[in-house]
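Undergrad: Please find one structure pasted underneath; my questions will follow.
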Amino acid sequence: MESFIKNKARELGFAACGIAKAEAVDAVTQAAYERWIEENHQGDMGYLARNLEKRFDPTQLVPGCKSIIVTAMNYYPAEQIPKEEWQIAYYAYGKDYHVVVKERLFQLLEYINNLREQHGEHAPFGEQRVFVDSAPVLERYWAQRAGLGWEGRNHLLIIPGMGSWFFLGLIVTDLALTPDSPLPSRCGTCHRCVDACPAGALTLHADGTTSMDARRCISYLTIEQKSPIPSDFSAHLGNHIYGCDCCQKACPWNRFASPTNENSFQPSDALLNMRREDWKTLTPEEYEGLFSGSAVKRAKYDGLRRNIETVAQSEKKD
Ligand code: SF4
Ligand code: SF4
């Protein structure tokens with residue numbers, strides 16, 4: 001059953017697929033997460049501090065679950081906005097990943113259910129759920145447990161030989177599948193991501209771990225934070241008007257990245273051709289045209305305008 005699921009995942013366009021046993025997350029991970037919340041490093045993302053019992057134990061989230069199938073889908077774009085222009089994070093170049101990945105996971109789940117029928121099980125099966133960044137689940141932890149890669153010092157999942165430009169998706173199921181072996185970290189003595197962070201959001205500790213203060217992170221400031229960007233931080237934005245990829249671009253594992261085959265994640269010519277003057281005069285209609293069905297809609301027109309004005313002001317001061 002396991003190899004059929006993984007082969008089907010690849011056929012559906014996932015670059016990697018692994019299986020973890022559904023059980024409470026380990027004590028070290030729980031303690032680190034609790035410390036992160038105590039220090040209020042999640043900022044305004046209050047949902048990250050809620051439902052901890054579910055976040056720390058998937059069996060509380062999906063009663064009766066026994067396994068977590070973890071998938072990764074490549075979003076590394078074949079073409080990129082020129083470096084000297086204002087930047088949008090790669091993950092937001094194309095269609096909203098929540099929709100694209102979820103649709104593909106439902107196809108995988110349908111395939112699994114058909115397999116179960118063929119093996120003499122009969123629907124309805126126990127509760128099975130599909131998650132794409134949409135529930136209190138520690139996705140990167142489960143990806144590591146499922147043998148896909150490890151959580152780097154930039155707090156992203158790194159897949160050996162592939163890099164970190166991946167969307168993670170989970171199927172939590174009542175099927176008892178044979179789990180894969182977790183991979184150890186291969187960050188070694190590297191801390192390039194910490195050094196590359198323009199906002200000082202990553203702190204390297206003596207034991208080699210890092211903590212991430214979301215309140216300083218450009219991704220948080222330009223996407224999640226709804227209030228004006230504090231003047232102390234606006235200079236850190238540089239030319240980032242939506243999200244930031246600096247800690248991924250700096251990672252040596254991303255030299256293995258290859259462009260995605262997913263058309264949904266490729267940028268439109270209109271986006272690639274946007275220049276500073278176009279951004280500065282962006283109208284709501286143009287915004288709709290550029291970002292219809294995109295994850296950028298999360299920041300809404302007013303949010304993107306706020307970012308554009310903040311970056312424009314900072315550049316004027318330089
Ligand atoms: S996304 Fe950018 S600002 Fe946030 S931690 Fe990474 S490098 Fe720093
Ligand atoms: S830049 Fe270095 S330390 Fe950071 S995630 Fe990549 S390998 Fe790990």
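Ordered as shown in the structure tokens, chains take letters A, B, and onward, while each chain numbers its residues from 1 and ligands are numbered from 1 in the order shown.
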Let me see if you get this right: every residue at most 6 Å from ligand 1, counting only C-alpha atoms and all ligand atoms, written as an NGL selection string.

TA: :A and (197-199 or 201-202 or 217-219 or 244-247)

Undergrad: For those residues, write C-alpha atoms to a file as a tab-separated table (two decimals), in the first residue's frame.

TA:
```tsv
chain	number	residue	atom	x	y	z
A	197	CYS	CA	18.28	37.80	7.11
A	198	PRO	CA	17.98	41.56	6.50
A	199	ALA	CA	15.71	42.02	9.50
A	201	ALA	CA	14.59	37.84	12.66
A	202	LEU	CA	16.70	34.68	13.09
A	217	CYS	CA	10.31	38.96	9.76
A	218	ILE	CA	9.57	40.72	6.46
A	219	SER	CA	7.14	37.96	5.47
A	244	CYS	CA	10.83	37.59	1.59
A	245	ASP	CA	13.01	34.75	0.32
A	246	CYS	CA	16.43	35.89	1.60
A	247	CYS	CA	16.91	32.99	4.05
```

Undergrad: Taking the DSSP secondary structure from the backbone, can you list the residues of segment 126-274 of chain A that are strand (DSSP E), as a VMD selection string?

TA: chain A and resid 129 to 131 150 to 151 157 to 158 166 to 173 202 to 204 210 to 212 240 to 242

Undergrad: May I ask which of the residues A:Val296, A:Ile112, A:Val99, A:Ala49 is the closest one to Asp174 of chain A, counting only C-alpha atoms?

TA: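 Ranked by minimum distance to Asp174 of chain A, first place goes to A:Ile112.
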
Undergrad: Determine the nearest neighbour of Ala146 of chain A from the options A:Ala257, A:Met45, A:Val101, A:Ile69, counting only C-alpha atoms.

TA: A:Ile69

Undergrad: Can you work out which residues are within 8 Å of ligand 2, considering only C-alpha atoms and all ligand atoms, and then hand them over as a VMD selection string?

TA: chain A and resid 151 to 156 158 186 to 194 247 to 248 250 to 254

Undergrad: Give me the residues of segment 162-260 of chain A that have any atom at most 9 Å from an atom of segment 135-143 of chain A; for each, the nearest atom pair and the distance in Å, rounded to one decimal. Use only C-alpha atoms, sort by chain and number, and format it as CSV.

TA:
```
residue,atom,partner,partner_atom,distance
A:Leu168,CA,A:Glu139,CA,6.8
A:Gly169,CA,A:Glu139,CA,7.7
A:Leu170,CA,A:Glu139,CA,7.5
A:Pro182,CA,A:Ala143,CA,8.4
```

Undergrad: Dump C-alpha atoms for the selected residues as an mmCIF file, in the first residue's frame?

TA:
```
data_model
loop_
_atom_site.group_PDB
_atom_site.id
_atom_site.type_symbol
_atom_site.label_atom_id
_atom_site.label_comp_id
_atom_site.auth_asym_id
_atom_site.auth_seq_id
_atom_site.Cartn_x
_atom_site.Cartn_y
_atom_site.Cartn_z
ATOM 1 C CA LEU A 168 3.813 20.867 2.221
ATOM 2 C CA GLY A 169 0.507 19.050 2.290
ATOM 3 C CA LEU A 170 -0.786 16.402 4.718
ATOM 4 C CA PRO A 182 13.121 10.541 10.095
#
```

Undergrad: Report as a PyMOL selection string all protein, DNA and RNA residues lying within 8 Å of segment 15-29 of chain A, evaluated on only C-alpha atoms, omitting residues in the same chain fewer than 5 positions from it.

TA: chain A and resi 6+9-10+56-59+65-74+142-143+145-148+172+177-180

Undergrad: Taking only C-alpha atoms into account, which of A:Val62, A:Ala32, A:Met1, A:Ala214 comes nearest His119 of chain A?

TA: A:Met1

Undergrad: Would you mind telling me which residue in A:Ile5, A:Ile37, A:Leu157, A:Met274 lies nearest to Ser211 of chain A when using only C-alpha atoms?

TA: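 Selected residue with least distance to Ser211 of chain A: A:Ile37.
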
Undergrad: List the neighbours of Ile88 of chain A out to 7 Å using only C-alpha atoms; skip same-chain residues closer than 5 positions along the sequence, and give me the result as an MDAnalysis selection string.

TA: chainID A and resid 240:243

Undergrad: Store the residues picked out above in a file with N, CA and C atoms, as a short mmCIF file (atom, residue, chain, number, x, y, z; two decimals), in the first residue's frame.

TA:
```
data_model
loop_
_atom_site.label_atom_id
_atom_site.label_comp_id
_atom_site.auth_asym_id
_atom_site.auth_seq_id
_atom_site.Cartn_x
_atom_site.Cartn_y
_atom_site.Cartn_z
N HIS A 240 11.41 44.44 -0.85
CA HIS A 240 10.40 43.38 -0.71
C HIS A 240 9.02 44.00 -0.48
N ILE A 241 8.13 43.81 -1.44
CA ILE A 241 6.78 44.36 -1.25
C ILE A 241 5.76 43.28 -0.87
N TYR A 242 6.15 42.02 -0.95
CA TYR A 242 5.26 40.95 -0.48
C TYR A 242 6.12 39.74 -0.16
N GLY A 243 6.32 39.47 1.13
CA GLY A 243 7.11 38.31 1.54
C GLY A 243 8.60 38.53 1.35
#
```

Undergrad: Just asking: which residues within segment 218-306 of chain A are alpha helix (DSSP H) according to DSSP, as number ranges by chain?

TA: A: 218-219, 231-234, 246-249, 269-272, 276-280, 284-291, 300-306

Undergrad: Keeping only C-alpha atoms, take the residues you just selected and write them out as a tab-separated table (two decimals), in the first residue's frame.

TA:
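Result file follows (again-v2.tsv):
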```
chain	number	residue	atom	x	y	z
A	218	ILE	CA	9.57	40.72	6.46
A	219	SER	CA	7.14	37.96	5.47
A	231	SER	CA	9.18	52.75	11.28
A	232	ASP	CA	11.99	50.83	13.06
A	233	PHE	CA	11.41	47.93	10.65
A	234	SER	CA	10.45	49.66	7.41
A	246	CYS	CA	16.43	35.89	1.60
A	247	CYS	CA	16.91	32.99	4.05
A	248	GLN	CA	16.05	30.50	1.30
A	249	LYS	CA	18.14	32.13	-1.42
A	269	ASP	CA	4.28	37.89	-17.98
A	270	ALA	CA	2.35	40.82	-16.52
A	271	LEU	CA	3.86	40.15	-13.09
A	272	LEU	CA	7.38	39.64	-14.46
A	276	ARG	CA	8.62	50.37	-9.76
A	277	GLU	CA	6.50	52.98	-11.51
A	278	ASP	CA	3.82	50.37	-12.29
A	279	TRP	CA	3.67	49.29	-8.66
A	280	LYS	CA	3.45	52.87	-7.43
A	284	PRO	CA	-7.51	47.98	-7.58
A	285	GLU	CA	-8.44	46.78	-11.08
A	286	GLU	CA	-4.80	46.11	-11.99
A	287	TYR	CA	-4.33	44.36	-8.65
A	288	GLU	CA	-7.28	42.08	-9.47
A	289	GLY	CA	-5.83	41.33	-12.90
A	290	LEU	CA	-2.38	40.51	-11.52
A	291	PHE	CA	-3.43	38.48	-8.51
A	300	LYS	CA	-5.58	42.54	0.04
A	301	TYR	CA	-5.16	45.61	-2.15
A	302	ASP	CA	-4.81	47.97	0.81
A	303	GLY	CA	-2.15	45.77	2.41
A	304	LEU	CA	-0.09	45.61	-0.77
A	305	ARG	CA	-0.44	49.38	-1.21
A	306	ARG	CA	0.81	49.88	2.35
```

Undergrad: I'd like the neighbourhood of Ser314 of chain A as a ChimeraX atom specification, where a residue qualifies if any of its atoms comes within 10 Å (using only C-alpha atoms), though same-chain residues fewer than 6 positions away should be ignored.

TA: /A:231,234-239,308

Undergrad: Please determine, counting only C-alpha atoms, which residue among A:Tyr33, A:Phe106, A:Tyr75, A:Tyr111 has the shortest atom-to-atom distance to Gly94 of chain A.

TA: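 Closest to Gly94 of chain A of all the choices is A:Tyr75.
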
Undergrad: Closest to Gln225 of chain A among A:Leu52, A:Arg298, A:Gly208, A:Gly13, using only C-alpha atoms?

TA: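 Among A:Leu52, A:Arg298, A:Gly208, A:Gly13, it is A:Arg298 that comes nearest to Gln225 of chain A.
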
Undergrad: Considering only C-alpha atoms, return as a list in words whatever protein or nucleic-acid residues lie within 7 Å of Gly161 of chain A, sequence-local ones (same chain, fewer than 2 positions apart) excluded.

TA: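 That gives Ile159, Gly163 and Phe256 of chain A.
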
Undergrad: Using only C-alpha atoms, determine which residues lie at most 9 Å from Pro184 of chain A, disregarding the query and same-chain residues fewer than 4 positions distant; provide the list as a list of chain:residue names.

TA: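 Counting only C-alpha atoms, the residues come to A:Gln144, A:Gly147, A:Gly149, A:Trp150.
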
Undergrad: Save the residues we just selected, N, CA and C atoms, as a compact mmCIF listing (two decimals), in the first residue's frame?

TA:
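In the end it all went to selection-v9.txt:
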```txt
# COMPACT_ATOMS: atom_id res chain seq x y z
N GLN A 144 9.61 16.05 8.57
CA GLN A 144 10.88 15.48 9.02
C GLN A 144 10.66 14.05 9.51
N GLY A 147 10.48 11.48 6.89
CA GLY A 147 11.68 11.20 6.11
C GLY A 147 11.88 12.08 4.89
N GLY A 149 12.90 15.34 4.84
CA GLY A 149 14.05 16.23 4.97
C GLY A 149 14.20 16.64 6.42
N TRP A 150 14.72 17.82 6.65
CA TRP A 150 14.86 18.32 8.02
C TRP A 150 14.50 19.80 8.06
```

Undergrad: Would you work out the distance separating atom CA of Ser258 of chain A from atom CA of Ser164 of chain A, expressed in Å to one decimal?

TA: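 A separation of 10.7 Å between them.
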